[in-house]
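Heads up, entry_32.txt below (compact mmCIF, C-alpha atoms):
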```
# COMPACT_ATOMS: atom_id res chain seq x y z
CA MET A 628 17.19 14.35 2.04
CA SER A 629 14.16 13.20 3.97
CA VAL A 630 13.69 16.65 5.50
CA LYS A 631 13.81 18.24 2.07
CA VAL A 632 11.17 15.85 0.76
CA LEU A 633 8.91 16.49 3.71
CA THR A 634 9.06 20.25 3.26
CA VAL A 635 8.14 19.96 -0.38
CA LYS A 636 5.44 17.51 0.51
CA GLU A 637 3.87 19.92 2.97
CA ASP A 638 3.79 22.65 0.34
CA VAL A 639 2.29 20.25 -2.16
CA LEU A 640 -0.26 18.93 0.34
CA GLY A 641 -1.29 22.46 1.35
CA ALA A 642 -1.88 23.54 -2.24
CA ASN A 643 -3.66 20.26 -2.90
CA ALA A 644 -6.01 20.70 0.05
CA GLU A 645 -7.02 24.11 -1.30
CA ASN A 646 -7.70 22.68 -4.76
CA ALA A 647 -9.66 19.84 -3.19
CA ARG A 648 -11.93 22.30 -1.39
CA ALA A 649 -12.54 24.10 -4.70
CA ASN A 650 -13.46 20.77 -6.33
CA GLN A 651 -15.93 20.01 -3.59
CA GLU A 652 -17.50 23.46 -3.87
CA LEU A 653 -17.89 22.91 -7.61
CA VAL A 654 -19.63 19.55 -7.28
CA ASP A 655 -21.72 20.81 -4.35
CA LYS A 656 -23.01 23.61 -6.57
CA HIS A 657 -24.36 20.89 -8.86
CA HIS A 658 -25.62 18.72 -5.94
CA ILE A 659 -23.33 15.91 -7.03
CA LEU A 660 -22.10 13.23 -4.65
CA MET A 661 -18.42 12.48 -5.35
CA ILE A 662 -16.70 9.39 -3.93
CA ASN A 663 -13.01 8.45 -4.06
CA ILE A 664 -12.33 4.70 -4.28
CA MET A 665 -8.85 3.58 -3.25
CA SER A 666 -7.09 0.21 -2.92
CA SER A 667 -3.96 -1.79 -3.65
CA PRO A 668 -3.46 -2.93 -7.25
CA GLY A 669 -5.81 -5.77 -8.03
CA ALA A 670 -8.05 -5.49 -4.96
CA GLY A 671 -11.11 -5.23 -7.18
CA LYS A 672 -11.97 -1.56 -7.78
CA THR A 673 -12.56 -2.24 -11.45
CA SER A 674 -15.04 -5.01 -10.59
CA LEU A 675 -16.84 -3.04 -7.89
CA ILE A 676 -17.41 0.03 -10.04
CA PRO A 677 -19.30 -1.69 -12.91
CA GLN A 678 -21.43 -3.55 -10.32
CA THR A 679 -22.26 -0.22 -8.68
CA ILE A 680 -23.00 1.43 -12.02
CA LYS A 681 -25.36 -1.37 -13.05
CA ARG A 682 -27.24 -1.08 -9.76
CA PHE A 683 -27.77 2.69 -9.97
CA LYS A 684 -27.63 3.73 -13.60
CA GLU A 685 -31.37 3.43 -14.26
CA ASN A 686 -32.16 5.92 -11.51
CA ILE A 687 -29.29 8.36 -11.36
CA ARG A 688 -26.77 9.92 -13.72
CA ILE A 689 -23.28 8.58 -13.07
CA ALA A 690 -19.86 9.65 -14.32
CA VAL A 691 -16.50 8.05 -13.62
CA ILE A 692 -13.01 9.53 -13.37
CA GLU A 693 -10.43 6.80 -13.85
CA GLY A 694 -6.91 7.28 -12.55
CA ASP A 695 -4.11 5.09 -13.86
CA ILE A 696 -0.36 5.31 -14.32
CA ALA A 697 -0.88 4.18 -17.90
CA SER A 698 -3.50 2.50 -20.13
CA THR A 699 -7.22 3.11 -20.61
CA ILE A 700 -8.34 -0.43 -19.74
CA ASP A 701 -10.58 0.72 -16.91
CA ALA A 702 -12.16 3.69 -18.68
CA ASP A 703 -12.94 1.42 -21.62
CA LYS A 704 -14.73 -1.04 -19.32
CA VAL A 705 -16.86 1.73 -17.82
CA SER A 706 -17.51 3.41 -21.12
CA ASN A 707 -18.89 0.10 -22.45
CA LEU A 708 -21.63 0.43 -19.81
CA GLY A 709 -22.81 3.66 -21.43
CA ILE A 710 -21.40 5.87 -18.69
CA SER A 711 -19.37 9.07 -19.14
CA ALA A 712 -15.77 8.29 -18.26
CA VAL A 713 -12.68 10.46 -18.12
CA GLN A 714 -9.34 8.68 -18.05
CA ILE A 715 -6.51 10.42 -16.25
CA ASN A 716 -3.10 8.94 -16.91
CA THR A 717 -0.83 10.23 -14.18
CA GLY A 718 2.32 9.62 -16.19
CA GLY A 719 4.06 7.81 -13.37
CA ALA A 720 2.58 9.62 -10.37
CA CYS A 721 1.35 7.17 -7.75
CA HIS A 722 -1.93 8.90 -6.90
CA LEU A 723 -4.51 11.31 -8.26
CA ASP A 724 -4.38 14.85 -6.93
CA ALA A 725 -6.98 17.60 -6.73
CA ASN A 726 -5.67 19.37 -9.82
CA MET A 727 -6.08 16.26 -11.93
CA ILE A 728 -9.65 15.90 -10.64
CA ARG A 729 -10.39 19.52 -11.55
CA LYS A 730 -9.33 18.74 -15.11
CA GLY A 731 -11.52 15.65 -15.01
CA LEU A 732 -14.50 17.70 -13.77
CA GLU A 733 -13.97 20.19 -16.62
CA ASN A 734 -14.54 17.30 -19.02
CA LEU A 735 -17.84 16.16 -17.53
CA ALA A 736 -21.36 17.56 -17.99
CA LEU A 737 -21.79 18.41 -14.30
CA GLU A 738 -25.30 19.80 -14.74
CA LYS A 739 -26.36 16.32 -15.90
CA THR A 740 -24.59 14.31 -13.18
CA ASP A 741 -25.72 13.01 -9.78
CA LEU A 742 -22.82 10.78 -8.79
CA ILE A 743 -19.12 10.90 -9.66
CA ILE A 744 -17.07 7.82 -8.87
CA ILE A 745 -13.31 8.37 -8.80
CA GLU A 746 -11.20 5.26 -9.25
CA ASN A 747 -7.84 6.19 -7.80
CA VAL A 748 -4.48 4.70 -8.80
CA GLY A 749 -3.81 1.29 -7.22
CA ASN A 750 -1.85 2.30 -4.14
CA LEU A 751 -2.50 1.93 -0.43
CA ILE A 752 -0.20 4.75 0.66
CA CYS A 753 0.03 7.93 -1.42
CA THR A 754 -3.63 8.00 -2.45
CA ALA A 755 -4.64 8.35 1.21
CA GLU A 756 -2.58 11.53 1.56
CA PHE A 757 -4.09 13.54 -1.27
CA ALA A 758 -7.59 14.95 -0.79
CA LEU A 759 -9.47 15.20 -4.08
CA GLY A 760 -12.59 16.99 -2.91
CA ALA A 761 -14.66 13.81 -2.67
CA HIS A 762 -17.39 13.65 -0.04
CA GLU A 763 -16.63 10.06 0.88
CA LYS A 764 -13.44 8.04 0.87
CA VAL A 765 -14.01 4.38 0.15
CA MET A 766 -11.21 1.86 0.51
CA LEU A 767 -11.23 -1.64 -0.76
CA LEU A 768 -9.11 -4.34 0.82
CA SER A 769 -9.19 -7.80 -0.72
CA VAL A 770 -9.03 -10.95 1.37
CA PRO A 771 -5.84 -12.27 -0.32
CA GLU A 772 -3.95 -9.17 0.87
CA GLY A 773 -4.25 -10.31 4.49
CA ASP A 774 -5.86 -9.07 7.68
CA ASP A 775 -2.69 -7.34 8.96
CA LYS A 776 -2.91 -4.41 6.54
CA PRO A 777 -4.37 -1.84 8.99
CA HIS A 778 -1.18 -2.18 11.08
CA LYS A 779 1.06 -1.72 8.05
CA TYR A 780 -0.87 1.02 6.23
CA PRO A 781 -2.58 2.92 9.04
CA LEU A 782 -3.23 6.22 7.25
CA MET A 783 -5.50 4.65 4.63
CA PHE A 784 -7.61 2.92 7.26
CA THR A 785 -7.73 6.07 9.37
CA GLU A 786 -8.90 8.20 6.45
CA ALA A 787 -11.54 5.86 5.01
CA ASP A 788 -15.25 6.49 5.56
CA VAL A 789 -16.06 3.02 4.25
CA VAL A 790 -13.89 -0.11 4.20
CA LEU A 791 -15.03 -2.79 1.76
CA VAL A 792 -13.50 -6.23 2.34
CA ASN A 793 -13.62 -7.73 -1.13
CA LYS A 794 -13.17 -11.27 -2.51
CA THR A 795 -14.96 -12.93 0.41
CA ASP A 796 -15.72 -15.75 -2.06
CA VAL A 797 -12.11 -16.95 -1.66
CA MET A 798 -12.10 -16.59 2.15
CA PRO A 799 -11.82 -20.39 2.60
CA TYR A 800 -8.45 -20.44 0.80
CA PHE A 801 -6.78 -17.70 2.85
CA ASP A 802 -6.00 -17.14 6.53
CA PHE A 803 -8.06 -13.98 6.89
CA ASN A 804 -9.56 -13.28 10.30
CA LEU A 805 -12.42 -10.83 9.77
CA THR A 806 -12.89 -10.29 13.51
CA ALA A 807 -9.22 -9.40 14.02
CA PHE A 808 -9.32 -7.18 10.93
CA THR A 809 -12.45 -5.35 12.12
CA LYS A 810 -10.88 -4.81 15.53
CA ALA A 811 -7.70 -3.39 13.93
CA VAL A 812 -9.71 -1.01 11.73
CA ARG A 813 -11.85 0.07 14.70
CA GLY A 814 -8.68 0.83 16.65
CA LEU A 815 -7.67 3.36 14.01
CA ASN A 816 -11.08 4.53 12.94
CA PRO A 817 -14.08 3.90 15.21
CA THR A 818 -16.65 5.30 12.77
CA ALA A 819 -15.71 3.64 9.48
CA GLN A 820 -18.38 1.45 7.93
CA ILE A 821 -17.03 -2.05 7.18
CA PHE A 822 -18.79 -4.17 4.56
CA PRO A 823 -17.56 -7.66 3.56
CA ILE A 824 -18.39 -8.16 -0.12
CA SER A 825 -17.62 -10.17 -3.21
CA ALA A 826 -17.72 -7.96 -6.28
CA LYS A 827 -17.43 -11.16 -8.31
CA THR A 828 -20.41 -13.09 -6.89
CA GLY A 829 -22.39 -10.08 -5.65
CA ALA A 830 -22.43 -11.33 -2.04
CA GLY A 831 -22.78 -8.50 0.48
CA LEU A 832 -23.13 -5.79 -2.16
CA GLU A 833 -26.63 -4.80 -0.97
CA ALA A 834 -25.20 -3.30 2.23
CA TRP A 835 -22.77 -1.21 0.16
CA PHE A 836 -25.56 -0.14 -2.22
CA SER A 837 -27.81 0.84 0.72
CA TRP A 838 -25.06 2.93 2.22
CA LEU A 839 -24.41 4.66 -1.11
CA GLU A 840 -28.13 5.22 -1.65
CA ALA A 841 -28.38 6.93 1.74
CA GLN A 842 -25.52 9.28 0.81
CA LEU A 843 -27.16 10.04 -2.53
CA LYS A 844 -30.47 10.86 -0.84
CA GLU A 845 -28.74 13.11 1.66
CA LYS A 846 -26.97 14.95 -1.17
CA ALA A 847 -30.19 15.25 -3.22
CA GLY A 848 -31.83 16.68 -0.10
CA THR A 849 -29.48 19.65 -0.39
CA ALA A 850 -30.79 20.41 -3.89
CA MET B 1353 1.63 22.12 -9.63
CA SER B 1354 2.58 18.98 -11.51
CA VAL B 1355 5.62 20.66 -13.06
CA LYS B 1356 6.83 21.69 -9.62
CA VAL B 1357 6.51 18.16 -8.34
CA LEU B 1358 8.36 16.74 -11.32
CA THR B 1359 11.29 19.11 -10.90
CA VAL B 1360 11.66 18.20 -7.28
CA LYS B 1361 11.37 14.55 -8.14
CA GLU B 1362 14.21 14.76 -10.65
CA ASP B 1363 16.47 16.36 -8.05
CA VAL B 1364 15.50 13.73 -5.53
CA LEU B 1365 15.99 10.90 -8.02
CA GLY B 1366 19.40 12.23 -9.07
CA ALA B 1367 20.64 12.42 -5.49
CA ASN B 1368 19.14 9.04 -4.80
CA ALA B 1369 20.91 7.41 -7.74
CA GLU B 1370 24.23 8.70 -6.43
CA ASN B 1371 23.54 7.32 -2.95
CA ALA B 1372 22.46 4.01 -4.49
CA ARG B 1373 25.80 3.72 -6.30
CA ALA B 1374 27.61 4.36 -3.01
CA ASN B 1375 25.56 1.62 -1.34
CA GLN B 1376 26.45 -0.84 -4.07
CA GLU B 1377 30.14 0.02 -3.80
CA LEU B 1378 29.96 -0.59 -0.07
CA VAL B 1379 28.34 -4.03 -0.35
CA ASP B 1380 30.61 -4.94 -3.29
CA LYS B 1381 33.62 -4.22 -1.08
CA HIS B 1382 32.31 -6.94 1.21
CA HIS B 1383 31.36 -9.31 -1.67
CA ILE B 1384 27.73 -9.18 -0.55
CA LEU B 1385 24.82 -9.86 -2.91
CA MET B 1386 22.00 -7.38 -2.21
CA ILE B 1387 18.49 -7.92 -3.61
CA ASN B 1388 15.50 -5.57 -3.48
CA ILE B 1389 12.11 -7.31 -3.23
CA MET B 1390 9.09 -5.25 -4.26
CA SER B 1391 5.35 -5.91 -4.55
CA SER B 1392 1.86 -4.65 -3.81
CA PRO B 1393 0.67 -4.92 -0.21
CA GLY B 1394 -0.14 -8.52 0.63
CA ALA B 1395 1.44 -10.14 -2.44
CA GLY B 1396 3.52 -12.38 -0.21
CA LYS B 1397 6.96 -10.82 0.34
CA THR B 1398 6.81 -11.67 4.03
CA SER B 1399 6.13 -15.34 3.21
CA LEU B 1400 8.77 -15.59 0.48
CA ILE B 1401 11.56 -14.15 2.60
CA PRO B 1402 11.37 -16.68 5.49
CA GLN B 1403 11.18 -19.52 2.91
CA THR B 1404 14.31 -18.15 1.25
CA ILE B 1405 16.10 -17.69 4.57
CA LYS B 1406 15.32 -21.27 5.64
CA ARG B 1407 16.68 -22.62 2.36
CA PHE B 1408 19.99 -20.74 2.53
CA LYS B 1409 20.76 -19.96 6.15
CA GLU B 1410 22.82 -23.10 6.84
CA ASN B 1411 25.26 -22.23 4.06
CA ILE B 1412 25.43 -18.46 3.86
CA ARG B 1413 25.14 -15.51 6.22
CA ILE B 1414 21.94 -13.54 5.56
CA ALA B 1415 20.70 -10.17 6.78
CA VAL B 1416 17.37 -8.49 6.09
CA ILE B 1417 16.41 -4.82 5.81
CA GLU B 1418 12.67 -4.44 6.32
CA GLY B 1419 10.89 -1.37 5.01
CA ASP B 1420 7.46 -0.47 6.33
CA ILE B 1421 5.36 2.63 6.80
CA ALA B 1422 4.80 1.57 10.39
CA SER B 1423 5.09 -1.52 12.64
CA THR B 1424 7.86 -4.09 13.13
CA ILE B 1425 5.73 -7.16 12.30
CA ASP B 1426 8.00 -8.24 9.44
CA ALA B 1427 11.32 -7.66 11.20
CA ASP B 1428 10.04 -9.65 14.16
CA LYS B 1429 9.15 -12.59 11.88
CA VAL B 1430 12.64 -12.59 10.35
CA SER B 1431 14.39 -12.07 13.67
CA ASN B 1432 12.63 -15.17 15.01
CA LEU B 1433 14.53 -17.17 12.38
CA GLY B 1434 17.83 -16.11 13.96
CA ILE B 1435 18.67 -13.65 11.19
CA SER B 1436 19.98 -10.08 11.62
CA ALA B 1437 17.15 -7.72 10.73
CA VAL B 1438 16.98 -3.95 10.56
CA GLN B 1439 13.52 -2.39 10.49
CA ILE B 1440 13.16 0.91 8.66
CA ASN B 1441 9.92 2.71 9.34
CA THR B 1442 9.53 5.27 6.58
CA GLY B 1443 7.12 7.41 8.61
CA GLY B 1444 4.63 7.66 5.78
CA ALA B 1445 6.94 7.54 2.75
CA CYS B 1446 5.74 5.06 0.16
CA HIS B 1447 9.11 3.51 -0.69
CA LEU B 1448 12.60 2.95 0.65
CA ASP B 1449 15.34 5.19 -0.72
CA ALA B 1450 19.09 4.81 -0.94
CA ASN B 1451 19.72 6.96 2.13
CA MET B 1452 17.50 4.76 4.28
CA ILE B 1453 19.39 1.70 3.01
CA ARG B 1454 22.72 3.33 3.88
CA LYS B 1455 21.47 3.73 7.45
CA GLY B 1456 20.37 0.09 7.38
CA LEU B 1457 23.81 -1.02 6.14
CA GLU B 1458 25.48 0.94 8.95
CA ASN B 1459 23.56 -1.24 11.39
CA LEU B 1460 24.64 -4.58 9.92
CA ALA B 1461 27.90 -6.50 10.38
CA LEU B 1462 28.83 -6.36 6.68
CA GLU B 1463 32.06 -8.30 7.13
CA LYS B 1464 29.97 -11.25 8.32
CA THR B 1465 27.28 -11.09 5.61
CA ASP B 1466 26.91 -12.81 2.22
CA LEU B 1467 23.35 -11.87 1.26
CA ILE B 1468 21.20 -8.86 2.10
CA ILE B 1469 17.50 -9.13 1.35
CA ILE B 1470 15.65 -5.81 1.27
CA GLU B 1471 11.89 -6.04 1.73
CA ASN B 1472 10.57 -2.81 0.27
CA VAL B 1473 7.33 -1.06 1.26
CA GLY B 1474 4.22 -2.61 -0.29
CA ASN B 1475 3.80 -0.48 -3.38
CA LEU B 1476 3.89 -1.25 -7.09
CA ILE B 1477 4.72 2.29 -8.21
CA CYS B 1478 7.11 4.42 -6.15
CA THR B 1479 9.39 1.56 -5.12
CA ALA B 1480 10.27 0.96 -8.78
CA GLU B 1481 11.51 4.53 -9.17
CA PHE B 1482 14.06 4.56 -6.36
CA ALA B 1483 17.31 2.66 -6.84
CA LEU B 1484 18.68 1.35 -3.55
CA GLY B 1485 22.00 -0.04 -4.74
CA ALA B 1486 20.74 -3.62 -4.92
CA HIS B 1487 22.27 -5.91 -7.56
CA GLU B 1488 18.95 -7.50 -8.42
CA LYS B 1489 15.39 -6.20 -8.40
CA VAL B 1490 12.84 -8.88 -7.65
CA MET B 1491 9.14 -8.20 -8.00
CA LEU B 1492 6.39 -10.33 -6.68
CA LEU B 1493 2.95 -10.33 -8.23
CA SER B 1494 0.27 -12.48 -6.66
CA VAL B 1495 -2.33 -14.31 -8.72
CA PRO B 1496 -5.31 -12.56 -7.03
CA GLU B 1497 -4.02 -9.19 -8.26
CA GLY B 1498 -4.77 -10.16 -11.85
CA ASP B 1499 -2.82 -10.70 -15.05
CA ASP B 1500 -3.37 -7.14 -16.36
CA LYS B 1501 -0.92 -5.50 -13.97
CA PRO B 1502 2.00 -5.12 -16.45
CA HIS B 1503 -0.25 -2.83 -18.54
CA LYS B 1504 -1.22 -0.74 -15.53
CA TYR B 1505 2.14 -0.57 -13.73
CA PRO B 1506 4.67 -0.80 -16.56
CA LEU B 1507 7.70 0.71 -14.80
CA MET B 1508 7.84 -2.01 -12.16
CA PHE B 1509 7.75 -4.75 -14.77
CA THR B 1510 10.31 -2.94 -16.90
CA GLU B 1511 12.73 -2.56 -14.00
CA ALA B 1512 12.49 -6.06 -12.53
CA ASP B 1513 15.24 -8.63 -13.08
CA VAL B 1514 12.99 -11.37 -11.73
CA VAL B 1515 9.19 -11.57 -11.66
CA LEU B 1516 7.78 -14.08 -9.18
CA VAL B 1517 4.13 -14.98 -9.73
CA ASN B 1518 3.04 -15.95 -6.23
CA LYS B 1519 -0.03 -17.74 -4.82
CA THR B 1520 -0.27 -20.19 -7.72
CA ASP B 1521 -2.04 -22.49 -5.22
CA VAL B 1522 -5.19 -20.38 -5.62
CA MET B 1523 -4.92 -20.19 -9.42
CA PRO B 1524 -8.13 -22.30 -9.84
CA TYR B 1525 -10.20 -19.62 -8.07
CA PHE B 1526 -9.06 -16.65 -10.14
CA ASP B 1527 -9.11 -15.73 -13.82
CA PHE B 1528 -5.36 -15.43 -14.20
CA ASN B 1529 -3.91 -16.21 -17.61
CA LEU B 1530 -0.23 -16.98 -17.10
CA THR B 1531 0.46 -17.06 -20.84
CA ALA B 1532 -1.08 -13.61 -21.36
CA PHE B 1533 0.77 -12.31 -18.31
CA THR B 1534 4.11 -13.69 -19.51
CA LYS B 1535 3.57 -12.14 -22.92
CA ALA B 1536 2.77 -8.76 -21.36
CA VAL B 1537 5.89 -8.87 -19.18
CA ARG B 1538 8.02 -9.93 -22.15
CA GLY B 1539 6.69 -6.97 -24.13
CA LEU B 1540 8.09 -4.61 -21.52
CA ASN B 1541 11.12 -6.59 -20.45
CA PRO B 1542 12.42 -9.36 -22.71
CA THR B 1543 15.13 -10.54 -20.27
CA ALA B 1544 13.24 -10.77 -16.96
CA GLN B 1545 13.15 -14.22 -15.39
CA ILE B 1546 9.56 -15.28 -14.60
CA PHE B 1547 8.97 -17.93 -11.95
CA PRO B 1548 5.46 -19.08 -10.91
CA ILE B 1549 5.61 -20.00 -7.21
CA SER B 1550 3.56 -20.59 -4.12
CA ALA B 1551 5.40 -19.29 -1.08
CA LYS B 1552 2.69 -21.01 0.98
CA THR B 1553 2.97 -24.56 -0.41
CA GLY B 1554 6.55 -24.30 -1.68
CA ALA B 1555 5.58 -25.13 -5.27
CA GLY B 1556 8.00 -23.69 -7.81
CA LEU B 1557 10.37 -22.30 -5.21
CA GLU B 1558 13.29 -24.48 -6.40
CA ALA B 1559 13.59 -22.46 -9.61
CA TRP B 1560 13.78 -19.24 -7.59
CA PHE B 1561 16.33 -20.78 -5.21
CA SER B 1562 18.47 -21.98 -8.14
CA TRP B 1563 18.45 -18.54 -9.68
CA LEU B 1564 19.44 -16.94 -6.37
CA GLU B 1565 22.15 -19.54 -5.80
CA ALA B 1566 23.64 -18.72 -9.22
CA GLN B 1567 23.75 -15.02 -8.33
CA LEU B 1568 25.39 -15.81 -4.99
CA LYS B 1569 28.04 -17.96 -6.68
CA GLU B 1570 28.75 -15.25 -9.19
CA LYS B 1571 29.17 -12.68 -6.40
CA ALA B 1572 31.34 -15.05 -4.33
CA GLY B 1573 33.49 -15.52 -7.45
CA THR B 1574 34.42 -11.84 -7.21
CA ALA B 1575 35.91 -12.38 -3.72
```

Show me the file's structure as structure tokens.
Amino acid sequence: MSVKVLTVKEDVLGANAENARANQELVDKHHILMINIMSSPGAGKTSLIPQTIKRFKENIRIAVIEGDIASTIDADKVSNLGISAVQINTGGACHLDANMIRKGLENLALEKTDLIIIENVGNLICTAEFALGAHEKVMLLSVPEGDDKPHKYPLMFTEADVVLVNKTDVMPYFDFNLTAFTKAVRGLNPTAQIFPISAKTGAGLEAWFSWLEAQLKEKAGTA
Amino acid sequence: MSVKVLTVKEDVLGANAENARANQELVDKHHILMINIMSSPGAGKTSLIPQTIKRFKENIRIAVIEGDIASTIDADKVSNLGISAVQINTGGACHLDANMIRKGLENLALEKTDLIIIENVGNLICTAEFALGAHEKVMLLSVPEGDDKPHKYPLMFTEADVVLVNKTDVMPYFDFNLTAFTKAVRGLNPTAQIFPISAKTGAGLEAWFSWLEAQLKEKAGTA
């Protein structure tokens, strides 16, 4: 059975990669930066995104595509900030795919958008496999999850452009070795940016904002 | 593309269910209780399992099947406790399936086993979809993940026979409403047992042990 699954998966991944390229071409045409935020359930994506929106929304036009198995909790939170949000309920699927993002893009006013933030389904495995067409892959690991996660979920850490280590405010209550974690990430991915943050207290967020601002400037430079 | 994936999935799930039934028949023949422990990455499965082994290993014969994308960290931990452990590396797949468990069972001395603990891959979505043949499905949610998870990942909470709320020792540092959480779980699954625990400090573990002991007695009664 595993061989059968793999064959199907390759077909699916090939078609998905093609759709992802089309998504990126579409957003590039509008000089939009698109980022794909991934993490385990409860790592803090839904706290990070409003913080990021608040920081940038006066200067740039932001839209959010929310991916969830079920519910519109996250889209509601974003929408309350006055931001365009599209909720995609995957109906059981454990990740967003490029086709779902295309449908999301069709529901956004792309000509009036500078930044699209995709909040992927809470999953450290399948989300890493499916390209969406985003320019940057951002993964969020929270301190309570433990510093051994790069060994257990290597693909995610290999694929990420940025690794945010969230919930540093509770670092004293957990055995999380940031040095060992950084070394493990570097072993898989020498170029990933690693930023320790607390989306709750705001600690460390400036480094993340600066990085995002640099990407936005680079993208605007192509306009 | 989504229709294609769904069709394949149904075929895969159908074949899997059949294999799961065969697994259960096999362990039933040996009067073994088999439990499937599922959670997000870092929720604490790998702390709960050694605690459970230490509590029961003097009286019953335990074996563990460890599922991971990569690495043998967990199997090594269990093996150090003098317990038979089989490591299944899924090679990227986001969950164990019944076929993998069959291979695991073939590598255990079933005639000398009373309890098999399966540690599934860290994933709150796909693991819930694939029956393994276990008698009981145990899911572990950790306090830092948040109390809204039943809304976002309903299948897991619907499928679970037991919901362990782990890391209660850090409850003071997180906004986790146990009453709201319990109500949400009950809405999906009126019969699930819910036990707040701390695998780290041992708090609340007696209730979990008592429940497991009752299941073991019931299974031994069939011998």

Point to revise | Selection as JSON, numbers by chain: residues within 6 Å of (22.3, -5.2, -3.5), counting all atoms listed in the file | key: {"B": [1385, 1386, 1387, 1485, 1486, 1487]}

Find the nearest atom pair between each residue of chain A and chain B for residues within 7 Å, count only C-alpha atoms, give distances in Å to one decimal, sort rows by chain and ascending number, and present the table as CSV.
```
residue,atom,partner,partner_atom,distance
A:Ser667,CA,B:Ser1392,CA,6.5
A:Pro668,CA,B:Glu1497,CA,6.4
A:Gly669,CA,B:Glu1497,CA,3.9
A:Ala670,CA,B:Glu1497,CA,6.4
A:Asp695,CA,B:Lys1504,CA,6.7
A:Ile696,CA,B:Lys1504,CA,6.2
A:Ala697,CA,B:Lys1504,CA,5.5
A:Ser698,CA,B:Lys1504,CA,6.1
A:Cys721,CA,B:Ile1477,CA,5.9
A:Asn750,CA,B:Asn1475,CA,6.3
A:Ile752,CA,B:Cys1446,CA,6.0
A:Cys753,CA,B:Cys1446,CA,6.6
A:Pro771,CA,B:Pro1496,CA,6.7
A:Glu772,CA,B:Gly1394,CA,3.9
A:Gly773,CA,B:Gly1394,CA,5.9
A:His778,CA,B:Ser1423,CA,6.5
A:Lys779,CA,B:Ala1422,CA,5.5
A:Tyr780,CA,B:Ile1421,CA,6.5
```

Practice item. Write out as a ChimeraX atom specification the residues lying within 6 Å of Glu746 in chain A, counting all atoms listed in the file and excluding same-chain residues fewer than 2 positions away. Key: /A:664,693-694

Around all listed atoms of range 732-746 of chain A, padded 8 Å per side, what centre and edge lengths does the axis-aligned box have in Å to one decimal, as lines of an AutoDock Vina configuration file?
```
center_x = -18.8
center_y = 12.7
center_z = -13.9
size_x = 31.2
size_y = 30.9
size_z = 26.2
```

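Of the listed residues B:Ile1470, B:Ala1427, B:Ser1436, B:Lys1397, the one whose atoms come nearest to Val1517 in chain B is B:Lys1397, with distances taken using all atoms listed in the file.
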
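Among the candidates A:Arg729, A:Pro823, A:Ala841, A:Leu723, the residue lying nearest to Leu767 in chain A is A:Pro823 (atoms considered: only C-alpha atoms).
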